[in-house]
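File shown: input21.cif (mmCIF, C-alpha atoms and all ligand atoms).
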data_data
#
loop_
_atom_site.label_atom_id
_atom_site.label_comp_id
_atom_site.auth_asym_id
_atom_site.auth_seq_id
_atom_site.Cartn_x
_atom_site.Cartn_y
_atom_site.Cartn_z
CA MET A 1 -16.34 19.94 -12.56
CA ALA A 2 -18.67 19.50 -9.62
CA ARG A 3 -18.80 22.11 -6.86
CA LYS A 4 -17.01 21.23 -3.62
CA LEU A 5 -19.12 20.62 -0.52
CA ALA A 6 -18.13 20.02 3.10
CA ALA A 7 -21.29 18.77 4.83
CA GLY A 8 -21.63 18.07 8.54
CA ASN A 9 -24.23 15.75 10.09
CA TRP A 10 -24.74 16.43 13.78
CA LYS A 11 -27.11 13.45 14.08
CA MET A 12 -28.93 13.51 17.47
CA ASN A 13 -26.35 15.78 19.05
CA GLY A 14 -26.30 19.45 19.91
CA SER A 15 -28.29 22.04 21.81
CA LEU A 16 -28.79 25.78 21.68
CA ALA A 17 -25.53 26.13 23.62
CA ALA A 18 -23.72 24.16 20.89
CA LEU A 19 -24.56 26.92 18.38
CA ALA A 20 -21.49 28.75 19.67
CA GLU A 21 -19.63 26.32 17.39
CA VAL A 22 -21.42 27.90 14.43
CA ASP A 23 -20.05 31.33 15.24
CA ALA A 24 -16.54 29.88 15.44
CA LEU A 25 -16.98 28.00 12.17
CA ILE A 26 -18.33 31.01 10.28
CA GLY A 27 -15.28 32.95 11.32
CA ASP A 28 -13.06 30.31 9.66
CA LEU A 29 -14.82 30.04 6.28
CA ASP A 30 -12.80 31.33 3.35
CA GLY A 31 -15.33 30.76 0.52
CA GLY A 32 -13.20 28.10 -1.17
CA CYS A 33 -15.96 25.51 -0.94
CA GLU A 34 -19.59 25.18 0.08
CA VAL A 35 -20.09 24.41 3.79
CA LEU A 36 -23.25 22.92 5.24
CA LEU A 37 -24.31 21.78 8.71
CA CYS A 38 -27.28 19.47 9.27
CA PRO A 39 -28.25 19.74 12.96
CA PRO A 40 -31.23 18.05 14.65
CA ALA A 41 -34.49 19.52 13.30
CA THR A 42 -35.03 21.55 16.48
CA LEU A 43 -31.85 23.51 15.76
CA ILE A 44 -32.39 24.25 12.06
CA ALA A 45 -34.18 27.58 12.55
CA PRO A 46 -31.84 28.95 15.25
CA MET A 47 -28.78 27.76 13.36
CA ALA A 48 -30.05 29.32 10.13
CA ALA A 49 -30.68 32.59 11.99
CA ARG A 50 -27.15 32.46 13.34
CA ALA A 51 -25.78 31.78 9.83
CA THR A 52 -27.65 34.65 8.16
CA GLY A 53 -25.30 36.76 6.07
CA SER A 54 -22.57 34.11 6.17
CA ALA A 55 -21.54 31.43 3.68
CA LEU A 56 -22.73 28.63 5.99
CA MET A 57 -25.75 26.68 4.76
CA VAL A 58 -28.06 24.67 7.01
CA GLY A 59 -29.75 21.37 6.21
CA ALA A 60 -31.85 18.56 7.63
CA GLN A 61 -31.10 14.89 8.25
CA THR A 62 -34.27 13.32 6.82
CA CYS A 63 -37.86 14.15 5.85
CA HIS A 64 -41.20 12.45 5.30
CA PRO A 65 -42.10 11.84 1.65
CA ALA A 66 -45.57 13.41 1.98
CA THR A 67 -46.23 17.13 1.97
CA SER A 68 -48.64 17.02 4.95
CA GLY A 69 -51.06 14.69 6.72
CA ALA A 70 -51.48 12.24 9.58
CA HIS A 71 -47.82 11.39 10.19
CA THR A 72 -47.24 12.04 13.88
CA GLY A 73 -43.76 13.20 14.66
CA ASP A 74 -42.68 13.61 11.04
CA LEU A 75 -41.64 16.71 9.12
CA SER A 76 -42.11 17.48 5.42
CA ALA A 77 -39.42 18.86 3.17
CA ALA A 78 -41.37 22.13 2.83
CA MET A 79 -41.53 22.51 6.62
CA LEU A 80 -37.78 22.01 6.84
CA ALA A 81 -37.28 24.53 4.03
CA GLU A 82 -39.41 27.03 5.92
CA ALA A 83 -37.20 26.48 8.98
CA GLY A 84 -34.15 27.39 6.88
CA ALA A 85 -32.92 24.12 5.35
CA THR A 86 -31.43 24.23 1.87
CA HIS A 87 -30.37 20.55 1.78
CA ILE A 88 -31.82 17.31 3.18
CA ILE A 89 -29.87 14.09 3.69
CA THR A 90 -31.73 11.01 2.44
CA GLY A 91 -30.87 7.34 2.89
CA HIS A 92 -28.29 7.72 5.65
CA SER A 93 -27.35 4.20 6.79
CA GLU A 94 -28.57 4.97 10.31
CA ARG A 95 -32.03 5.71 8.88
CA ARG A 96 -31.87 2.59 6.71
CA THR A 97 -30.93 0.49 9.78
CA ASP A 98 -32.83 2.18 12.65
CA HIS A 99 -36.01 2.87 10.69
CA GLY A 100 -35.94 0.11 8.08
CA GLU A 101 -35.86 2.61 5.22
CA THR A 102 -35.62 0.88 1.83
CA ASP A 103 -34.30 2.24 -1.44
CA GLY A 104 -37.95 2.88 -2.38
CA ASP A 105 -38.48 4.94 0.77
CA VAL A 106 -35.29 6.87 0.05
CA ALA A 107 -36.41 7.57 -3.53
CA ALA A 108 -39.76 8.89 -2.26
CA GLN A 109 -38.05 11.14 0.28
CA THR A 110 -35.57 12.33 -2.34
CA GLN A 111 -38.46 13.18 -4.67
CA ALA A 112 -40.07 15.18 -1.85
CA VAL A 113 -36.81 17.09 -1.34
CA LEU A 114 -36.63 17.92 -5.04
CA ASP A 115 -40.30 18.92 -5.16
CA ALA A 116 -39.66 21.34 -2.30
CA GLY A 117 -36.87 22.93 -4.35
CA LEU A 118 -34.11 21.73 -2.05
CA ILE A 119 -30.95 19.70 -2.64
CA ALA A 120 -30.93 16.03 -1.65
CA ILE A 121 -27.76 14.41 -0.32
CA VAL A 122 -28.44 10.78 -1.19
CA CYS A 123 -26.35 8.30 0.84
CA VAL A 124 -25.20 4.90 -0.38
CA GLY A 125 -22.67 2.48 1.05
CA GLU A 126 -21.87 -1.15 1.68
CA THR A 127 -21.72 -3.06 4.95
CA GLU A 128 -18.52 -4.76 6.01
CA ALA A 129 -19.97 -8.17 5.10
CA GLU A 130 -20.77 -6.87 1.61
CA ARG A 131 -17.23 -5.54 1.17
CA ASP A 132 -15.78 -8.84 2.38
CA ALA A 133 -18.01 -10.65 -0.11
CA ALA A 134 -16.63 -8.40 -2.90
CA VAL A 135 -20.09 -7.11 -3.86
CA THR A 136 -19.51 -3.45 -2.97
CA LEU A 137 -19.96 -2.08 -6.49
CA ASN A 138 -23.13 -4.14 -7.05
CA VAL A 139 -24.57 -2.84 -3.78
CA ILE A 140 -23.76 0.73 -4.76
CA SER A 141 -25.34 0.29 -8.20
CA THR A 142 -28.53 -1.13 -6.70
CA GLN A 143 -28.79 1.62 -4.08
CA LEU A 144 -28.13 4.37 -6.62
CA ALA A 145 -30.68 3.03 -9.09
CA GLY A 146 -33.28 2.58 -6.36
CA SER A 147 -32.71 5.72 -4.32
CA ILE A 148 -32.56 8.45 -6.98
CA PRO A 149 -36.01 8.93 -8.51
CA GLU A 150 -36.56 8.91 -12.26
CA GLY A 151 -36.37 12.39 -13.73
CA ALA A 152 -34.44 13.86 -10.79
CA ALA A 153 -32.90 17.21 -11.70
CA PRO A 154 -29.10 16.69 -11.48
CA ALA A 155 -28.60 20.21 -10.10
CA GLN A 156 -30.54 19.17 -7.00
CA ILE A 157 -28.63 15.94 -6.33
CA VAL A 158 -25.50 15.26 -4.27
CA VAL A 159 -24.37 11.65 -3.71
CA ALA A 160 -22.54 10.60 -0.55
CA TYR A 161 -20.58 7.35 -0.52
CA GLU A 162 -20.54 6.19 3.10
CA PRO A 163 -19.26 2.68 3.79
CA VAL A 164 -21.37 1.60 6.78
CA TRP A 165 -18.36 0.02 8.49
CA ALA A 166 -16.43 3.31 8.35
CA ILE A 167 -19.11 5.45 10.03
CA GLY A 168 -18.11 6.42 13.54
CA THR A 169 -15.49 3.66 13.75
CA GLY A 170 -12.26 5.53 13.04
CA ARG A 171 -11.69 3.12 10.13
CA THR A 172 -11.60 4.27 6.51
CA PRO A 173 -11.27 2.49 3.17
CA THR A 174 -7.92 2.79 1.39
CA LEU A 175 -7.62 5.69 -1.03
CA ASP A 176 -7.74 3.17 -3.88
CA GLN A 177 -10.99 1.72 -2.56
CA ILE A 178 -12.52 5.21 -2.31
CA ALA A 179 -11.29 5.98 -5.84
CA ASP A 180 -12.85 2.77 -7.22
CA VAL A 181 -16.26 3.44 -5.70
CA HIS A 182 -16.34 7.12 -6.65
CA ALA A 183 -15.33 6.33 -10.24
CA HIS A 184 -18.09 3.72 -10.31
CA ILE A 185 -20.69 6.18 -9.00
CA ARG A 186 -19.65 8.78 -11.62
CA GLU A 187 -19.92 6.15 -14.34
CA GLU A 188 -23.35 4.96 -13.19
CA LEU A 189 -24.62 8.55 -13.06
CA SER A 190 -23.16 9.24 -16.51
CA GLU A 191 -24.93 6.23 -17.97
CA ARG A 192 -28.19 7.40 -16.49
CA LEU A 193 -27.97 11.17 -16.98
CA GLY A 194 -25.21 11.69 -19.54
CA ALA A 195 -21.66 12.74 -18.70
CA ALA A 196 -22.32 16.47 -18.97
CA GLN A 197 -24.91 16.31 -16.19
CA ALA A 198 -23.21 13.65 -14.08
CA ASP A 199 -19.91 15.53 -13.97
CA HIS A 200 -21.62 18.36 -12.09
CA ILE A 201 -23.05 16.18 -9.32
CA PRO A 202 -20.89 16.50 -6.19
CA LEU A 203 -19.74 13.09 -4.90
CA LEU A 204 -18.97 13.16 -1.18
CA TYR A 205 -17.02 10.59 0.80
CA GLY A 206 -18.27 9.94 4.35
CA GLY A 207 -16.96 7.74 7.15
CA SER A 208 -14.46 8.79 9.84
CA VAL A 209 -13.22 11.89 8.01
CA LYS A 210 -11.01 13.89 10.38
CA PRO A 211 -8.67 16.87 10.02
CA GLY A 212 -5.77 14.39 9.83
CA ASN A 213 -7.05 12.39 6.83
CA ALA A 214 -9.17 14.96 4.98
CA ALA A 215 -6.49 16.30 2.62
CA GLU A 216 -5.49 12.88 1.31
CA ILE A 217 -9.13 11.87 0.80
CA PHE A 218 -9.84 15.13 -1.07
CA GLY A 219 -6.91 14.31 -3.34
CA VAL A 220 -8.74 11.24 -4.67
CA GLN A 221 -10.26 11.63 -8.14
CA HIS A 222 -14.06 12.15 -8.15
CA VAL A 223 -14.12 13.07 -4.45
CA ASP A 224 -15.78 16.50 -4.37
CA GLY A 225 -16.17 16.79 -0.63
CA ALA A 226 -17.19 14.97 2.52
CA LEU A 227 -20.17 14.12 4.69
CA VAL A 228 -18.78 14.34 8.20
CA GLY A 229 -20.38 13.07 11.40
CA GLY A 230 -18.44 13.28 14.65
CA ALA A 231 -15.83 15.74 13.40
CA SER A 232 -18.51 18.24 12.35
CA LEU A 233 -19.56 18.92 15.94
CA LYS A 234 -16.58 21.12 16.75
CA ALA A 235 -15.48 24.07 14.62
CA ALA A 236 -11.88 23.21 15.58
CA ASP A 237 -12.28 19.94 13.62
CA PHE A 238 -14.77 20.86 10.89
CA GLY A 239 -13.08 24.18 10.03
CA PRO A 240 -9.80 22.49 9.06
CA ILE A 241 -11.69 19.83 7.07
CA ALA A 242 -13.47 22.56 5.08
CA ALA A 243 -10.13 24.37 4.66
CA ALA A 244 -8.52 21.17 3.33
CA LEU A 245 -11.36 20.84 0.81
CA ALA A 246 -11.03 24.46 -0.25
CA ALA A 247 -7.31 23.95 -0.79
CA SER A 248 -7.73 20.69 -2.76
C1 LIG B 1 -21.93 9.96 9.06
O1 LIG B 1 -22.66 9.54 9.94
O2 LIG B 1 -22.43 10.39 8.01
C2 LIG B 1 -20.50 9.94 9.27
C3 LIG B 1 -19.75 10.03 8.21
O3 LIG B 1 -20.06 9.83 10.57
P1 LIG B 1 -18.53 9.91 11.05
O4 LIG B 1 -17.86 11.03 10.31
O5 LIG B 1 -18.61 10.15 12.51
O6 LIG B 1 -17.90 8.59 10.71
#
Spell out the structure here as structure tokens.
Amino acid sequence: MARKLAAGNWKMNGSLAALAEVDALIGDLDGGCEVLLCPPATLIAPMAARATGSALMVGAQTCHPATSGAHTGDLSAAMLAEAGATHIITGHSERRTDHGETDGDVAAQTQAVLDAGLIAIVCVGETEAERDAAVTLNVISTQLAGSIPEGAAPAQIVVAYEPVWAIGTGRTPTLDQIADVHAHIREELSERLGAAQADHIPLLYGGSVKPGNAAEIFGVQHVDGALVGGASLKAADFGPIAAALAAS
């Protein structure tokens, strides 16, 4: 069995004032699952300080593949770790779209995360056109093969299935569609790493997860948690999502 993880991605939202949400969230955590928030990089250190002594973990949304050098504006995985990050998201569709990141780029970033001793949350997911063309599973296979580096330690990998068309839209796949993709991801990981290792890799669903749909999504086989965007900004939304995961 994989561990359960409720991960929040604040994207380019939040401020020091928004850290009041962290206090409220910490108060709600019951230890039934892992809970992680990935704020903008400027908030990692203050959020981590706020979370000290609690079960809340803090992560980053991306990193540069190099350890240091002439990369203006970028941050290395080790720098993010020093700020307090334990996890780094790689391959989010907004990075793939806004910054042209390829599977190769994602694999290099993921390797950097692993080298820094952190956990990578590797995102994969099809566009609406790809789903309509019935190539979702092929797209997922290609992204998985290309985005997870050879020799990656399974204990440092989390995979997030995030259909691009479900992110921030209020639309979600059917439970059967989520089940199909998650079973496929587990199978692909098993073929690559062996079932014993693959079974321990948390598989998250992401895309318009809300308090109202979380419990049914967490009831789907091979769904070990969620990567949550909009609904992670408020403790009043993210707390119940984490509670639904803990109870699943
Ligand atoms: C995301 O961006 O990873 C995401 C899942 O966003 P939302 O929950 O807002 O759809």
Would you pick out the contacts of region 61-65 of chain A at 7 Å or less, using only C-alpha atoms, so that residues sharing its chain but fewer than 2 positions from it are not included, and give the list as a PyMOL selection string?
chain A and resi 38+59+67+74-77+88-90+108-109+112
Please provide the set of residues having any atom within 9 Å of Pro46 (chain A), restricted to all atoms listed in the file, with same-chain residues fewer than 5 positions apart removed, written as a PDB file with C-alpha atoms, keeping the file's coordinate frame.
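Saved the output as part36.pdb:
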ATOM      1  CA  LEU A  16     -28.790  25.780  21.680  1.00  0.00           C
ATOM      2  CA  LEU A  19     -24.560  26.920  18.380  1.00  0.00           C
ATOM      3  CA  ALA A  51     -25.780  31.780   9.830  1.00  0.00           C
ATOM      4  CA  ALA A  83     -37.200  26.480   8.980  1.00  0.00           C
ATOM      5  CA  GLY A  84     -34.150  27.390   6.880  1.00  0.00           C
TER       6      GLY A  84
END
Answer as a PDB file with C-alpha atoms, keeping the file's coordinate frame, residues within 12 Å of (-13.2, 19.9, 13.8) using all atoms listed in the file:
ATOM      1  CA  ALA A   6     -18.130  20.020   3.100  1.00  0.00           C
ATOM      2  CA  GLY A   8     -21.630  18.070   8.540  1.00  0.00           C
ATOM      3  CA  GLU A  21     -19.630  26.320  17.390  1.00  0.00           C
ATOM      4  CA  VAL A  22     -21.420  27.900  14.430  1.00  0.00           C
ATOM      5  CA  ALA A  24     -16.540  29.880  15.440  1.00  0.00           C
ATOM      6  CA  LEU A  25     -16.980  28.000  12.170  1.00  0.00           C
ATOM      7  CA  ASP A  28     -13.060  30.310   9.660  1.00  0.00           C
ATOM      8  CA  SER A 208     -14.460   8.790   9.840  1.00  0.00           C
ATOM      9  CA  VAL A 209     -13.220  11.890   8.010  1.00  0.00           C
ATOM     10  CA  LYS A 210     -11.010  13.890  10.380  1.00  0.00           C
ATOM     11  CA  PRO A 211      -8.670  16.870  10.020  1.00  0.00           C
ATOM     12  CA  GLY A 212      -5.770  14.390   9.830  1.00  0.00           C
ATOM     13  CA  ASN A 213      -7.050  12.390   6.830  1.00  0.00           C
ATOM     14  CA  ALA A 214      -9.170  14.960   4.980  1.00  0.00           C
ATOM     15  CA  VAL A 228     -18.780  14.340   8.200  1.00  0.00           C
ATOM     16  CA  GLY A 229     -20.380  13.070  11.400  1.00  0.00           C
ATOM     17  CA  GLY A 230     -18.440  13.280  14.650  1.00  0.00           C
ATOM     18  CA  ALA A 231     -15.830  15.740  13.400  1.00  0.00           C
ATOM     19  CA  SER A 232     -18.510  18.240  12.350  1.00  0.00           C
ATOM     20  CA  LEU A 233     -19.560  18.920  15.940  1.00  0.00           C
ATOM     21  CA  LYS A 234     -16.580  21.120  16.750  1.00  0.00           C
ATOM     22  CA  ALA A 235     -15.480  24.070  14.620  1.00  0.00           C
ATOM     23  CA  ALA A 236     -11.880  23.210  15.580  1.00  0.00           C
ATOM     24  CA  ASP A 237     -12.280  19.940  13.620  1.00  0.00           C
ATOM     25  CA  PHE A 238     -14.770  20.860  10.890  1.00  0.00           C
ATOM     26  CA  GLY A 239     -13.080  24.180  10.030  1.00  0.00           C
ATOM     27  CA  PRO A 240      -9.800  22.490   9.060  1.00  0.00           C
ATOM     28  CA  ILE A 241     -11.690  19.830   7.070  1.00  0.00           C
ATOM     29  CA  ALA A 242     -13.470  22.560   5.080  1.00  0.00           C
ATOM     30  CA  ALA A 243     -10.130  24.370   4.660  1.00  0.00           C
ATOM     31  CA  ALA A 244      -8.520  21.170   3.330  1.00  0.00           C
TER      32      ALA A 244
END
Quick check, in Å to one decimal: how far apart do CA of Met57 (chain A) and CA of Gly125 (chain A) lie?
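Between CA of Met57 (chain A) and CA of Gly125 (chain A) the gap works out to 24.7 Å.
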Exercise: Ile140 (chain A) partners within 12 Å, all atoms listed in the file, chain neighbours under 6 positions left out, as a list of chain:residue names
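Once the nearby chain positions are removed, what remains is A:Asp103, A:Val122, A:Cys123, A:Val124, A:Gly125, A:Glu126, A:Thr127, A:Glu130, A:Arg131, A:Ala134, A:Gly146, A:Ser147, A:Ile148, A:Val159, A:Ala160, A:Tyr161, A:Glu162, A:Pro163, A:Val164, A:Asp180, A:Val181, A:His182, A:Ala183, A:His184, A:Ile185, A:Arg186, A:Glu187, A:Glu188, A:Leu189.
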Go ahead and write the selection's residues with C-alpha atoms as a compact mmCIF listing (two decimals), keeping the file's coordinate frame.
# COMPACT_ATOMS: atom_id res chain seq x y z
CA ASP A 103 -34.30 2.24 -1.44
CA VAL A 122 -28.44 10.78 -1.19
CA CYS A 123 -26.35 8.30 0.84
CA VAL A 124 -25.20 4.90 -0.38
CA GLY A 125 -22.67 2.48 1.05
CA GLU A 126 -21.87 -1.15 1.68
CA THR A 127 -21.72 -3.06 4.95
CA GLU A 130 -20.77 -6.87 1.61
CA ARG A 131 -17.23 -5.54 1.17
CA ALA A 134 -16.63 -8.40 -2.90
CA GLY A 146 -33.28 2.58 -6.36
CA SER A 147 -32.71 5.72 -4.32
CA ILE A 148 -32.56 8.45 -6.98
CA VAL A 159 -24.37 11.65 -3.71
CA ALA A 160 -22.54 10.60 -0.55
CA TYR A 161 -20.58 7.35 -0.52
CA GLU A 162 -20.54 6.19 3.10
CA PRO A 163 -19.26 2.68 3.79
CA VAL A 164 -21.37 1.60 6.78
CA ASP A 180 -12.85 2.77 -7.22
CA VAL A 181 -16.26 3.44 -5.70
CA HIS A 182 -16.34 7.12 -6.65
CA ALA A 183 -15.33 6.33 -10.24
CA HIS A 184 -18.09 3.72 -10.31
CA ILE A 185 -20.69 6.18 -9.00
CA ARG A 186 -19.65 8.78 -11.62
CA GLU A 187 -19.92 6.15 -14.34
CA GLU A 188 -23.35 4.96 -13.19
CA LEU A 189 -24.62 8.55 -13.06
Shortest interatomic distance to ligand LIG 1 (chain B) - which of A:Ser93, A:Thr136, A:Ser15, A:Thr174, counting only C-alpha atoms and all ligand atoms
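Closest to ligand LIG 1 (chain B) of all the choices is A:Ser93.
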Please provide the set of residues having any atom within 10 Å of Phe218 (chain A), restricted to all atoms listed in the file, with same-chain residues fewer than 5 positions apart removed, written as a ChimeraX atom specification.
/A:4,175,204-205,213,223-226,241,244-248
Pick the closest to ligand LIG 1 (chain B) from A:Thr102, A:Thr169, A:Thr142, A:Gln177: which is it, counting all atoms listed in the file?
A:Thr169
Go through A:Ala55, A:Leu137, A:Ala198, A:Ala155 and flag the residue nearest Ala179 (chain A), using all atoms listed in the file for the distances.
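Nearest candidate to Ala179 (chain A) out of A:Ala55, A:Leu137, A:Ala198, A:Ala155: A:Leu137.
For the set A:Leu80, A:Ala18, A:Ala166, A:Leu193, the residue with the smallest atom-to-atom gap to ligand LIG 1 (chain B) is A:Ala166, counting only C-alpha atoms and all ligand atoms.
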Around ligand LIG 1 (chain B), with edges along x, y and z and 3 Å added on all six sides, what centre and edge lengths do you get, in Å to one decimal, as AutoDock Vina command-line options?
--center_x -20.3 --center_y 9.8 --center_z 10.3 --size_x 10.8 --size_y 8.4 --size_z 10.5
Option closest in space to Glu82 (chain A), from A:Glu150, A:Ala41, A:Ser54, A:Glu94 [counting all atoms listed in the file]:
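Once distances to Glu82 (chain A) are computed over all atoms listed in the file, the minimum belongs to A:Ala41.
If only C-alpha atoms and all ligand atoms are the atoms counted, then among A:Gly91, A:Gly53, A:Gly170, A:Gly219 the closest residue to ligand LIG 1 (chain B) is A:Gly170.
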